[in-house]
file coords00.json (JSON, C-alpha atoms)
[["chain", "number", "residue", "atom", "x", "y", "z"],
["D", 1, "ASP", "CA", 0.00, 0.00, 0.00],
["D", 2, "GLN", "CA", 1.38, 3.37, -1.01],
["D", 3, "GLN", "CA", 2.19, 5.57, 1.96],
["D", 4, "VAL", "CA", 3.13, 8.57, -0.17],
["D", 5, "LYS", "CA", 0.93, 9.35, -3.15],
["D", 6, "GLN", "CA", 1.37, 11.75, -6.01],
["D", 7, "ASN", "CA", -1.85, 11.33, -7.90],
["D", 8, "SER", "CA", -0.99, 13.49, -10.88],
["D", 9, "PRO", "CA", 1.54, 11.76, -13.14],
["D", 10, "SER", "CA", 2.01, 14.91, -15.17],
["D", 11, "LEU", "CA", 1.36, 18.65, -15.13],
["D", 12, "SER", "CA", 1.77, 21.25, -17.85],
["D", 13, "VAL", "CA", 1.95, 25.00, -17.18],
["D", 14, "GLN", "CA", 2.86, 28.13, -19.07],
["D", 15, "GLU", "CA", 6.12, 29.90, -18.35],
["D", 16, "GLY", "CA", 5.65, 32.62, -15.73],
["D", 17, "ARG", "CA", 2.58, 31.00, -14.18],
["D", 18, "ILE", "CA", 2.35, 29.08, -10.94],
["D", 19, "SER", "CA", 3.02, 25.32, -10.78],
["D", 20, "ILE", "CA", 1.35, 23.43, -7.96],
["D", 21, "LEU", "CA", 2.42, 19.85, -7.31],
["D", 22, "ASN", "CA", 0.49, 17.81, -4.77],
["D", 23, "CYS", "CA", 1.35, 14.97, -2.45],
["D", 24, "ASP", "CA", -0.77, 12.97, 0.01],
["D", 25, "TYR", "CA", 0.40, 10.61, 2.72],
["D", 26, "THR", "CA", -1.28, 8.01, 4.87],
["D", 27, "ASN", "CA", 1.19, 7.36, 7.68],
["D", 28, "SER", "CA", 0.51, 9.70, 10.61],
["D", 29, "MET", "CA", 4.01, 8.94, 11.93],
["D", 30, "PHE", "CA", 5.62, 10.90, 9.10],
["D", 31, "ASP", "CA", 7.10, 14.07, 10.53],
["D", 32, "TYR", "CA", 9.48, 15.30, 7.85],
["D", 33, "PHE", "CA", 8.84, 15.85, 4.18],
["D", 34, "LEU", "CA", 11.11, 16.58, 1.25],
["D", 35, "TRP", "CA", 10.81, 17.39, -2.43],
["D", 36, "TYR", "CA", 13.33, 16.21, -5.00],
["D", 37, "LYS", "CA", 13.73, 17.23, -8.62],
["D", 38, "LYS", "CA", 14.95, 14.79, -11.25],
["D", 39, "TYR", "CA", 16.05, 15.25, -14.84],
["D", 40, "PRO", "CA", 16.14, 12.26, -17.22],
["D", 41, "ALA", "CA", 19.12, 9.91, -16.76],
["D", 42, "GLU", "CA", 20.29, 11.85, -13.70],
["D", 43, "GLY", "CA", 19.99, 11.37, -9.96],
["D", 44, "PRO", "CA", 17.38, 13.36, -8.03],
["D", 45, "THR", "CA", 18.50, 16.57, -6.36],
["D", 46, "PHE", "CA", 17.13, 17.95, -3.11],
["D", 47, "LEU", "CA", 14.83, 20.92, -3.54],
["D", 48, "ILE", "CA", 13.11, 21.86, -0.30],
["D", 49, "SER", "CA", 11.91, 20.25, 2.93],
["D", 50, "ILE", "CA", 9.49, 20.89, 5.77],
["D", 51, "SER", "CA", 9.14, 19.61, 9.30],
["D", 52, "SER", "CA", 5.73, 18.69, 10.70],
["D", 53, "ILE", "CA", 6.01, 21.49, 13.25],
["D", 54, "LYS", "CA", 5.67, 24.00, 10.42],
["D", 55, "ASP", "CA", 2.99, 24.57, 7.83],
["D", 56, "LYS", "CA", 5.05, 26.50, 5.31],
["D", 57, "ASN", "CA", 8.63, 26.74, 4.15],
["D", 58, "GLU", "CA", 9.87, 29.04, 1.44],
["D", 59, "ASP", "CA", 13.08, 29.12, -0.58],
["D", 60, "GLY", "CA", 13.17, 31.57, -3.45],
["D", 61, "ARG", "CA", 10.61, 30.56, -6.08],
["D", 62, "PHE", "CA", 9.77, 27.36, -4.20],
["D", 63, "THR", "CA", 7.31, 27.09, -1.32],
["D", 64, "VAL", "CA", 6.10, 23.93, 0.36],
["D", 65, "PHE", "CA", 2.83, 23.91, 2.30],
["D", 66, "LEU", "CA", 1.88, 21.22, 4.80],
["D", 67, "ASN", "CA", -1.65, 20.47, 5.96],
["D", 68, "LYS", "CA", -1.27, 17.85, 8.68],
["D", 69, "SER", "CA", -4.98, 17.38, 9.30],
["D", 70, "ALA", "CA", -5.49, 16.54, 5.65],
["D", 71, "LYS", "CA", -2.19, 14.65, 5.39],
["D", 72, "HIS", "CA", -1.42, 16.73, 2.35],
["D", 73, "LEU", "CA", 1.49, 18.80, 1.14],
["D", 74, "SER", "CA", 2.04, 20.85, -1.94],
["D", 75, "LEU", "CA", 4.96, 22.43, -3.76],
["D", 76, "HIS", "CA", 4.41, 25.82, -5.37],
["D", 77, "ILE", "CA", 6.79, 27.16, -8.00],
["D", 78, "VAL", "CA", 6.34, 30.82, -8.83],
["D", 79, "PRO", "CA", 7.10, 31.91, -11.48],
["D", 80, "SER", "CA", 7.59, 28.70, -13.42],
["D", 81, "GLN", "CA", 10.52, 28.56, -15.83],
["D", 82, "PRO", "CA", 11.27, 26.12, -18.68],
["D", 83, "GLY", "CA", 14.28, 24.84, -16.68],
["D", 84, "ASP", "CA", 11.84, 23.65, -14.02],
["D", 85, "SER", "CA", 10.65, 20.96, -16.42],
["D", 86, "ALA", "CA", 11.53, 17.72, -14.63],
["D", 87, "VAL", "CA", 10.03, 14.95, -12.52],
["D", 88, "TYR", "CA", 9.31, 15.99, -8.94],
["D", 89, "PHE", "CA", 9.28, 13.42, -6.14],
["D", 90, "CYS", "CA", 7.68, 13.90, -2.77],
["D", 91, "ALA", "CA", 9.34, 11.97, 0.09],
["D", 92, "ALA", "CA", 8.57, 11.43, 3.77],
["D", 93, "SER", "CA", 10.27, 10.08, 6.86],
["D", 94, "ALA", "CA", 9.09, 9.09, 10.32],
["D", 95, "ARG", "CA", 10.35, 9.56, 13.88],
["D", 96, "GLY", "CA", 12.97, 12.07, 13.00],
["D", 97, "GLY", "CA", 14.33, 9.90, 10.27],
["D", 98, "SER", "CA", 15.26, 7.09, 12.59],
["D", 99, "GLN", "CA", 13.19, 4.77, 10.45],
["D", 100, "GLY", "CA", 16.24, 4.66, 8.26],
["D", 101, "ASN", "CA", 14.98, 5.62, 4.88],
["D", 102, "LEU", "CA", 12.75, 7.95, 2.94],
["D", 103, "ILE", "CA", 9.48, 6.84, 1.40],
["D", 104, "PHE", "CA", 9.01, 8.29, -2.08],
["D", 105, "GLY", "CA", 5.94, 8.98, -4.16],
["D", 106, "LYS", "CA", 5.80, 7.94, -7.81],
["D", 107, "GLY", "CA", 6.60, 11.41, -9.05],
["D", 108, "THR", "CA", 4.92, 14.12, -11.12],
["D", 109, "LYS", "CA", 6.37, 15.16, -14.47],
["D", 110, "LEU", "CA", 6.21, 18.93, -14.81],
["D", 111, "SER", "CA", 6.41, 20.54, -18.25],
["D", 112, "VAL", "CA", 6.79, 24.31, -18.41],
["D", 113, "LYS", "CA", 5.95, 25.68, -21.88],
["D", 114, "PRO", "CA", 7.75, 28.82, -23.12],
["Q", 1, "ASP", "CA", 34.68, 18.02, -4.58],
["Q", 2, "GLY", "CA", 32.67, 15.66, -2.41],
["Q", 3, "GLY", "CA", 30.08, 13.54, -4.07],
["Q", 4, "ILE", "CA", 28.69, 10.14, -4.84],
["Q", 5, "THR", "CA", 29.81, 8.28, -7.94],
["Q", 6, "GLN", "CA", 28.02, 5.49, -9.71],
["Q", 7, "SER", "CA", 29.67, 3.53, -12.45],
["Q", 8, "PRO", "CA", 29.19, 2.68, -15.18],
["Q", 9, "LYS", "CA", 26.51, 5.02, -16.54],
["Q", 10, "TYR", "CA", 25.19, 2.34, -18.93],
["Q", 11, "LEU", "CA", 25.55, -1.41, -18.54],
["Q", 12, "PHE", "CA", 24.47, -4.24, -20.78],
["Q", 13, "ARG", "CA", 24.39, -7.86, -19.65],
["Q", 14, "LYS", "CA", 23.10, -11.12, -20.99],
["Q", 15, "GLU", "CA", 20.21, -12.79, -19.24],
["Q", 16, "GLY", "CA", 21.35, -15.17, -16.52],
["Q", 17, "GLN", "CA", 24.53, -13.30, -15.69],
["Q", 18, "ASN", "CA", 25.21, -11.60, -12.40],
["Q", 19, "VAL", "CA", 26.31, -7.98, -12.58],
["Q", 20, "THR", "CA", 27.69, -5.61, -9.94],
["Q", 21, "LEU", "CA", 26.95, -1.88, -9.89],
["Q", 22, "SER", "CA", 29.46, 0.34, -8.19],
["Q", 23, "CYS", "CA", 28.66, 3.16, -5.75],
["Q", 24, "GLU", "CA", 31.35, 5.22, -4.03],
["Q", 25, "GLN", "CA", 30.98, 8.34, -1.87],
["Q", 26, "ASN", "CA", 33.53, 10.68, -0.34],
["Q", 27, "LEU", "CA", 31.05, 12.68, 1.73],
["Q", 28, "ASN", "CA", 31.83, 10.77, 4.92],
["Q", 29, "HIS", "CA", 28.17, 9.78, 5.07],
["Q", 30, "ASP", "CA", 27.24, 6.91, 7.36],
["Q", 31, "ALA", "CA", 24.17, 5.66, 5.51],
["Q", 32, "MET", "CA", 23.90, 4.45, 1.93],
["Q", 33, "TYR", "CA", 20.94, 3.28, -0.13],
["Q", 34, "TRP", "CA", 20.05, 1.59, -3.39],
["Q", 35, "TYR", "CA", 16.87, 2.47, -5.26],
["Q", 36, "ARG", "CA", 15.42, 1.26, -8.48],
["Q", 37, "GLN", "CA", 13.37, 3.47, -10.81],
["Q", 38, "ASP", "CA", 10.93, 2.06, -13.34],
["Q", 39, "PRO", "CA", 8.54, 4.12, -15.47],
["Q", 40, "GLY", "CA", 5.45, 4.99, -13.43],
["Q", 41, "GLN", "CA", 6.83, 3.29, -10.32],
["Q", 42, "GLY", "CA", 8.80, 6.04, -8.68],
["Q", 43, "LEU", "CA", 11.77, 5.11, -6.50],
["Q", 44, "ARG", "CA", 11.67, 1.77, -4.78],
["Q", 45, "LEU", "CA", 14.14, 0.85, -2.05],
["Q", 46, "ILE", "CA", 16.26, -2.25, -2.65],
["Q", 47, "TYR", "CA", 18.75, -2.25, 0.24],
["Q", 48, "TYR", "CA", 20.16, 0.21, 2.70],
["Q", 49, "SER", "CA", 23.05, 0.33, 5.13],
["Q", 50, "GLN", "CA", 23.38, 2.65, 8.11],
["Q", 51, "ILE", "CA", 26.83, 1.52, 9.23],
["Q", 52, "VAL", "CA", 29.74, -0.51, 7.90],
["Q", 53, "ASN", "CA", 29.23, -4.28, 7.85],
["Q", 54, "ASP", "CA", 25.50, -3.93, 8.35],
["Q", 55, "PHE", "CA", 22.65, -3.63, 5.86],
["Q", 56, "GLN", "CA", 18.89, -4.20, 5.68],
["Q", 57, "LYS", "CA", 16.50, -5.28, 2.96],
["Q", 58, "GLY", "CA", 14.22, -2.72, 1.45],
["Q", 59, "ASP", "CA", 10.90, -3.26, -0.26],
["Q", 60, "ILE", "CA", 12.20, -5.13, -3.32],
["Q", 61, "ALA", "CA", 15.38, -6.94, -2.19],
["Q", 62, "GLU", "CA", 14.67, -10.27, -3.90],
["Q", 63, "GLY", "CA", 17.26, -11.04, -6.56],
["Q", 64, "TYR", "CA", 19.74, -8.48, -5.25],
["Q", 65, "SER", "CA", 22.69, -8.59, -2.85],
["Q", 66, "VAL", "CA", 24.92, -5.92, -1.31],
["Q", 67, "SER", "CA", 28.00, -5.55, 0.85],
["Q", 68, "ARG", "CA", 29.29, -2.71, 3.01],
["Q", 69, "GLU", "CA", 32.91, -3.49, 3.83],
["Q", 70, "LYS", "CA", 33.98, 0.14, 3.69],
["Q", 71, "LYS", "CA", 32.16, 3.31, 4.66],
["Q", 72, "GLU", "CA", 32.76, 4.77, 1.20],
["Q", 73, "SER", "CA", 31.49, 1.86, -0.87],
["Q", 74, "PHE", "CA", 28.14, 0.09, -1.25],
["Q", 75, "PRO", "CA", 28.14, -2.16, -4.34],
["Q", 76, "LEU", "CA", 24.91, -3.77, -5.56],
["Q", 77, "THR", "CA", 24.89, -7.15, -7.29],
["Q", 78, "VAL", "CA", 21.97, -7.93, -9.55],
["Q", 79, "THR", "CA", 21.74, -11.71, -9.64],
["Q", 80, "SER", "CA", 20.19, -14.02, -12.19],
["Q", 81, "ALA", "CA", 17.33, -14.53, -9.71],
["Q", 82, "GLN", "CA", 16.05, -11.01, -10.33],
["Q", 83, "LYS", "CA", 13.11, -11.46, -12.70],
["Q", 84, "ASN", "CA", 13.10, -8.01, -14.32],
["Q", 85, "PRO", "CA", 16.55, -6.49, -13.88],
["Q", 86, "THR", "CA", 16.35, -3.91, -16.66],
["Q", 87, "ALA", "CA", 15.91, -0.56, -14.87],
["Q", 88, "PHE", "CA", 17.58, 2.66, -13.78],
["Q", 89, "TYR", "CA", 19.47, 2.14, -10.50],
["Q", 90, "LEU", "CA", 20.18, 4.96, -8.10],
["Q", 91, "CYS", "CA", 22.57, 4.99, -5.18],
["Q", 92, "ALA", "CA", 22.25, 7.56, -2.42],
["Q", 93, "SER", "CA", 23.90, 8.46, 0.85],
["Q", 94, "SER", "CA", 22.99, 10.48, 3.91],
["Q", 95, "ILE", "CA", 24.71, 11.76, 7.04],
["Q", 96, "GLY", "CA", 22.63, 9.49, 9.20],
["Q", 97, "SER", "CA", 19.09, 10.50, 9.78],
["Q", 98, "ALA", "CA", 16.97, 10.55, 6.64],
["Q", 99, "ASN", "CA", 15.82, 14.00, 7.75],
["Q", 100, "TYR", "CA", 19.00, 15.46, 6.37],
["Q", 101, "GLY", "CA", 17.96, 14.21, 2.98],
["Q", 102, "TYR", "CA", 19.88, 12.11, 0.53],
["Q", 103, "THR", "CA", 22.62, 12.88, -1.93],
["Q", 104, "PHE", "CA", 22.05, 10.81, -5.03],
["Q", 105, "GLY", "CA", 24.47, 9.52, -7.60],
["Q", 106, "SER", "CA", 23.79, 10.04, -11.30],
["Q", 107, "GLY", "CA", 22.49, 6.50, -11.74],
["Q", 108, "THR", "CA", 23.28, 3.38, -13.77],
["Q", 109, "ARG", "CA", 21.03, 2.23, -16.57],
["Q", 110, "LEU", "CA", 21.13, -1.57, -16.66],
["Q", 111, "THR", "CA", 19.80, -3.36, -19.71],
["Q", 112, "VAL", "CA", 19.59, -7.13, -19.74],
["Q", 113, "VAL", "CA", 19.27, -8.72, -23.17]]
call {"tool": "encode", "arguments": {"input": "coords00.json", "output": "C-alpha cells"}}
result
Amino acid sequence: DQQVKQNSPSLSVQEGRISILNCDYTNSMFDYFLWYKKYPAEGPTFLISISSIKDKNEDGRFTVFLNKSAKHLSLHIVPSQPGDSAVYFCAASARGGSQGNLIFGKGTKLSVKP
Amino acid sequence: DGGITQSPKYLFRKEGQNVTLSCEQNLNHDAMYWYRQDPGQGLRLIYYSQIVNDFQKGDIAEGYSVSREKKESFPLTVTSAQKNPTAFYLCASSIGSANYGYTFGSGTRLTVV
C-alpha cells in the first residue's frame, strides 16, 4: 500500500505562471517531508523540505505547504521557468528519520511551456 | 569536490549473468541506499546500510545482494534470480538521519538482453 501518493503523473503549465504539485500521505508517523527534482538519466537533487512542526517553508521561487490534518502537502513554484521541467518526487520520513529511509511517491512530471 | 559516484553510466548484460553496480561516496556519510526506478513506479528501495558491515533489505530486495565493507562503498549485485533487472538504478547516501535528505548519484542504466 502506497504511503506517499502523487496522484498526478504529469502537469503542464505556461512559463511565468504558478506550478502546484500535490502529495498525500497516509502514515501519521511521518514528521518530515522533502521534495526532489529529477532530470532524465540523472539522480534526483534535493529541492526543499518541511518539518511537521511548520505549515510552510519558502526558498526563493519554491514554497512547500503542509496540511497535517489533511495529510497533504504541496509544492508551489512561482514563477515557473522552462528549466523547471523535470520529474518531482515527494518523500517522507518518520520519527525524526530514525526509520532509516525515505518513502518516495511515484513522481509528477512537470512541463513548463515557453 | 565531495560527491557520490556510480559507475558505469550504462551497462548491458546477458540474461542469466550476475552484474555488480558500483557506488562510491567521499562525503563521509554513514548511511547508503540503493533504489530502483521504473517508469510509473517512482523510486523503490532495494537495500540500505546505516553503518559498515550492516545492511537491511528494502521493499524489493529479492534477486539483489549488497555488501558494506567500507564506509565509502556500497556495491549492488543484480543476480540471475532477479526477474526483471532492466531498470535505472540509483545509489544515495545520507549523514545518518533521513531527515538530512539524501545525496544521489547520477544512476546506472542496466539493460539485460
call {"tool": "interface_residues", "arguments": {"input": "coords00.json", "of": "chain Q", "to": "chain D", "cutoff": "12 Å", "atoms": "all atoms listed in the file", "output": "ChimeraX atom specification"}}
result
/Q:3-6,9-10,30-51,55-59,87-110
call {"tool": "atom_distance", "arguments": {"input": "coords00.json", "atom1": "atom CA of Gln3 of chain D", "atom2": "atom CA of Gln25 of chain Q"}}
result
29.2 Å
call {"tool": "atom_distance", "arguments": {"input": "coords00.json", "atom1": "atom CA of Arg61 of chain D", "atom2": "atom CA of Ile18 of chain D"}}
result
9.7 Å
call {"tool": "atom_distance", "arguments": {"input": "coords00.json", "atom1": "atom CA of Ala86 of chain D", "atom2": "atom CA of Lys113 of chain D"}}
result
12.1 Å
call {"tool": "residues_around", "arguments": {"input": "coords00.json", "residues": "Gly63 of chain Q", "least_positions_apart": "6", "cutoff": "9 Å", "atoms": "only C-alpha atoms", "output": "PyMOL selection string"}}
result
chain Q and resi 77-83+85
call {"tool": "residues_around", "arguments": {"input": "coords00.json", "residues": "Ser74 of chain D", "least_positions_apart": "4", "cutoff": "8 Å", "atoms": "only C-alpha atoms", "output": "ChimeraX atom specification"}}
result
/D:20-23,64-66
call {"tool": "closest_residue", "arguments": {"input": "coords00.json", "among": "Q:Gly2, Q:Asn18, Q:Ser7, Q:Asn28", "to": "Val112 of chain Q", "atoms": "only C-alpha atoms"}}
result
Q:Asn18
call {"tool": "closest_residue", "arguments": {"input": "coords00.json", "among": "D:Lys68, D:Lys109, D:Lys5, D:Lys56", "to": "Asp84 of chain D", "atoms": "all atoms listed in the file"}}
result
D:Lys109
call {"tool": "residues_near_point", "arguments": {"input": "coords00.json", "point": "(29.7, -6.0, -12.7)", "cutoff": "10 Å", "atoms": "all atoms listed in the file", "output": "list in words"}}
result
Ser7, Pro8, Leu11, Phe12, Arg13, Gln17, Asn18, Val19, Thr20, Leu21, Ser22, Pro75, Leu76, Thr77 and Val78 of chain Q
call {"tool": "closest_residue", "arguments": {"input": "coords00.json", "among": "Q:Lys14, Q:Thr86, Q:Leu27, Q:Asn53", "to": "Glu69 of chain Q", "atoms": "all atoms listed in the file"}}
result
Q:Asn53
call {"tool": "build_atoms", "arguments": {"input": "coords00.json", "residues": "segment 44-55 of chain Q", "atoms": "all heavy atoms", "output": "short mmCIF file (atom, residue, chain, number, x, y, z; two decimals), in the frame of the given file"}}
result
data_model
loop_
_atom_site.label_atom_id
_atom_site.label_comp_id
_atom_site.auth_asym_id
_atom_site.auth_seq_id
_atom_site.Cartn_x
_atom_site.Cartn_y
_atom_site.Cartn_z
N ARG Q 44 11.94 2.87 -5.70
CA ARG Q 44 11.67 1.77 -4.78
C ARG Q 44 12.97 1.30 -4.14
O ARG Q 44 13.97 1.07 -4.82
CB ARG Q 44 10.98 0.62 -5.52
CG ARG Q 44 9.58 0.97 -6.00
CD ARG Q 44 8.88 -0.23 -6.62
NE ARG Q 44 9.48 -0.63 -7.87
CZ ARG Q 44 9.20 -1.77 -8.51
NH1 ARG Q 44 8.35 -2.63 -7.96
NH2 ARG Q 44 9.77 -2.06 -9.65
N LEU Q 45 12.94 1.15 -2.82
CA LEU Q 45 14.14 0.85 -2.05
C LEU Q 45 14.51 -0.63 -2.18
O LEU Q 45 13.69 -1.51 -1.92
CB LEU Q 45 13.90 1.21 -0.58
CG LEU Q 45 15.07 1.01 0.37
CD1 LEU Q 45 16.22 1.94 0.02
CD2 LEU Q 45 14.61 1.24 1.81
N ILE Q 46 15.77 -0.88 -2.50
CA ILE Q 46 16.26 -2.25 -2.65
C ILE Q 46 16.95 -2.69 -1.36
O ILE Q 46 16.57 -3.69 -0.74
CB ILE Q 46 17.24 -2.37 -3.83
CG1 ILE Q 46 16.58 -1.88 -5.12
CG2 ILE Q 46 17.69 -3.82 -4.00
CD1 ILE Q 46 17.55 -1.80 -6.30
N TYR Q 47 18.00 -1.99 -0.97
CA TYR Q 47 18.75 -2.25 0.24
C TYR Q 47 19.23 -0.94 0.82
O TYR Q 47 19.38 0.05 0.10
CB TYR Q 47 19.99 -3.13 -0.06
CG TYR Q 47 19.80 -4.61 0.07
CD1 TYR Q 47 19.55 -5.39 -1.05
CD2 TYR Q 47 19.91 -5.25 1.30
CE1 TYR Q 47 19.40 -6.77 -0.95
CE2 TYR Q 47 19.76 -6.63 1.42
CZ TYR Q 47 19.50 -7.37 0.29
OH TYR Q 47 19.34 -8.74 0.40
N TYR Q 48 19.51 -0.92 2.12
CA TYR Q 48 20.16 0.21 2.70
C TYR Q 48 21.09 -0.23 3.83
O TYR Q 48 20.93 -1.32 4.39
CB TYR Q 48 19.16 1.27 3.20
CG TYR Q 48 18.27 0.85 4.34
CD1 TYR Q 48 18.53 1.24 5.65
CD2 TYR Q 48 17.12 0.11 4.10
CE1 TYR Q 48 17.70 0.88 6.69
CE2 TYR Q 48 16.27 -0.25 5.13
CZ TYR Q 48 16.56 0.14 6.42
OH TYR Q 48 15.72 -0.21 7.45
N SER Q 49 22.05 0.63 4.12
CA SER Q 49 23.05 0.33 5.13
C SER Q 49 23.29 1.60 5.95
O SER Q 49 23.57 2.66 5.40
CB SER Q 49 24.36 -0.10 4.47
OG SER Q 49 25.42 -0.11 5.39
N GLN Q 50 23.19 1.47 7.26
CA GLN Q 50 23.38 2.65 8.11
C GLN Q 50 24.79 2.70 8.70
O GLN Q 50 25.25 3.76 9.14
CB GLN Q 50 22.32 2.67 9.21
CG GLN Q 50 20.92 2.91 8.64
CD GLN Q 50 19.87 3.07 9.71
OE1 GLN Q 50 19.58 2.15 10.46
NE2 GLN Q 50 19.29 4.25 9.80
N ILE Q 51 25.45 1.55 8.75
CA ILE Q 51 26.83 1.52 9.23
C ILE Q 51 27.58 0.43 8.48
O ILE Q 51 26.98 -0.45 7.85
CB ILE Q 51 26.93 1.24 10.74
CG1 ILE Q 51 26.21 -0.07 11.11
CG2 ILE Q 51 26.38 2.40 11.54
CD1 ILE Q 51 26.44 -0.50 12.53
N VAL Q 52 28.89 0.49 8.57
CA VAL Q 52 29.74 -0.51 7.90
C VAL Q 52 29.43 -1.90 8.44
O VAL Q 52 29.13 -2.08 9.62
CB VAL Q 52 31.23 -0.15 8.12
CG1 VAL Q 52 32.13 -1.25 7.55
CG2 VAL Q 52 31.56 1.17 7.47
N ASN Q 53 29.46 -2.86 7.53
CA ASN Q 53 29.23 -4.28 7.85
C ASN Q 53 27.82 -4.58 8.32
O ASN Q 53 27.58 -5.63 8.96
CB ASN Q 53 30.24 -4.78 8.91
CG ASN Q 53 31.65 -4.83 8.35
OD1 ASN Q 53 31.85 -5.19 7.19
ND2 ASN Q 53 32.62 -4.48 9.16
N ASP Q 54 26.89 -3.69 8.01
CA ASP Q 54 25.50 -3.93 8.35
C ASP Q 54 24.61 -3.37 7.26
O ASP Q 54 24.85 -2.27 6.75
CB ASP Q 54 25.14 -3.28 9.69
CG ASP Q 54 23.75 -3.67 10.14
OD1 ASP Q 54 23.40 -4.87 10.07
OD2 ASP Q 54 22.99 -2.77 10.55
N PHE Q 55 23.58 -4.12 6.86
CA PHE Q 55 22.65 -3.63 5.86
C PHE Q 55 21.30 -4.31 6.05
O PHE Q 55 21.22 -5.38 6.68
CB PHE Q 55 23.17 -3.85 4.43
CG PHE Q 55 23.71 -5.24 4.16
CD1 PHE Q 55 22.86 -6.29 3.84
CD2 PHE Q 55 25.07 -5.49 4.22
CE1 PHE Q 55 23.37 -7.56 3.58
CE2 PHE Q 55 25.59 -6.75 3.95
CZ PHE Q 55 24.73 -7.79 3.64
#
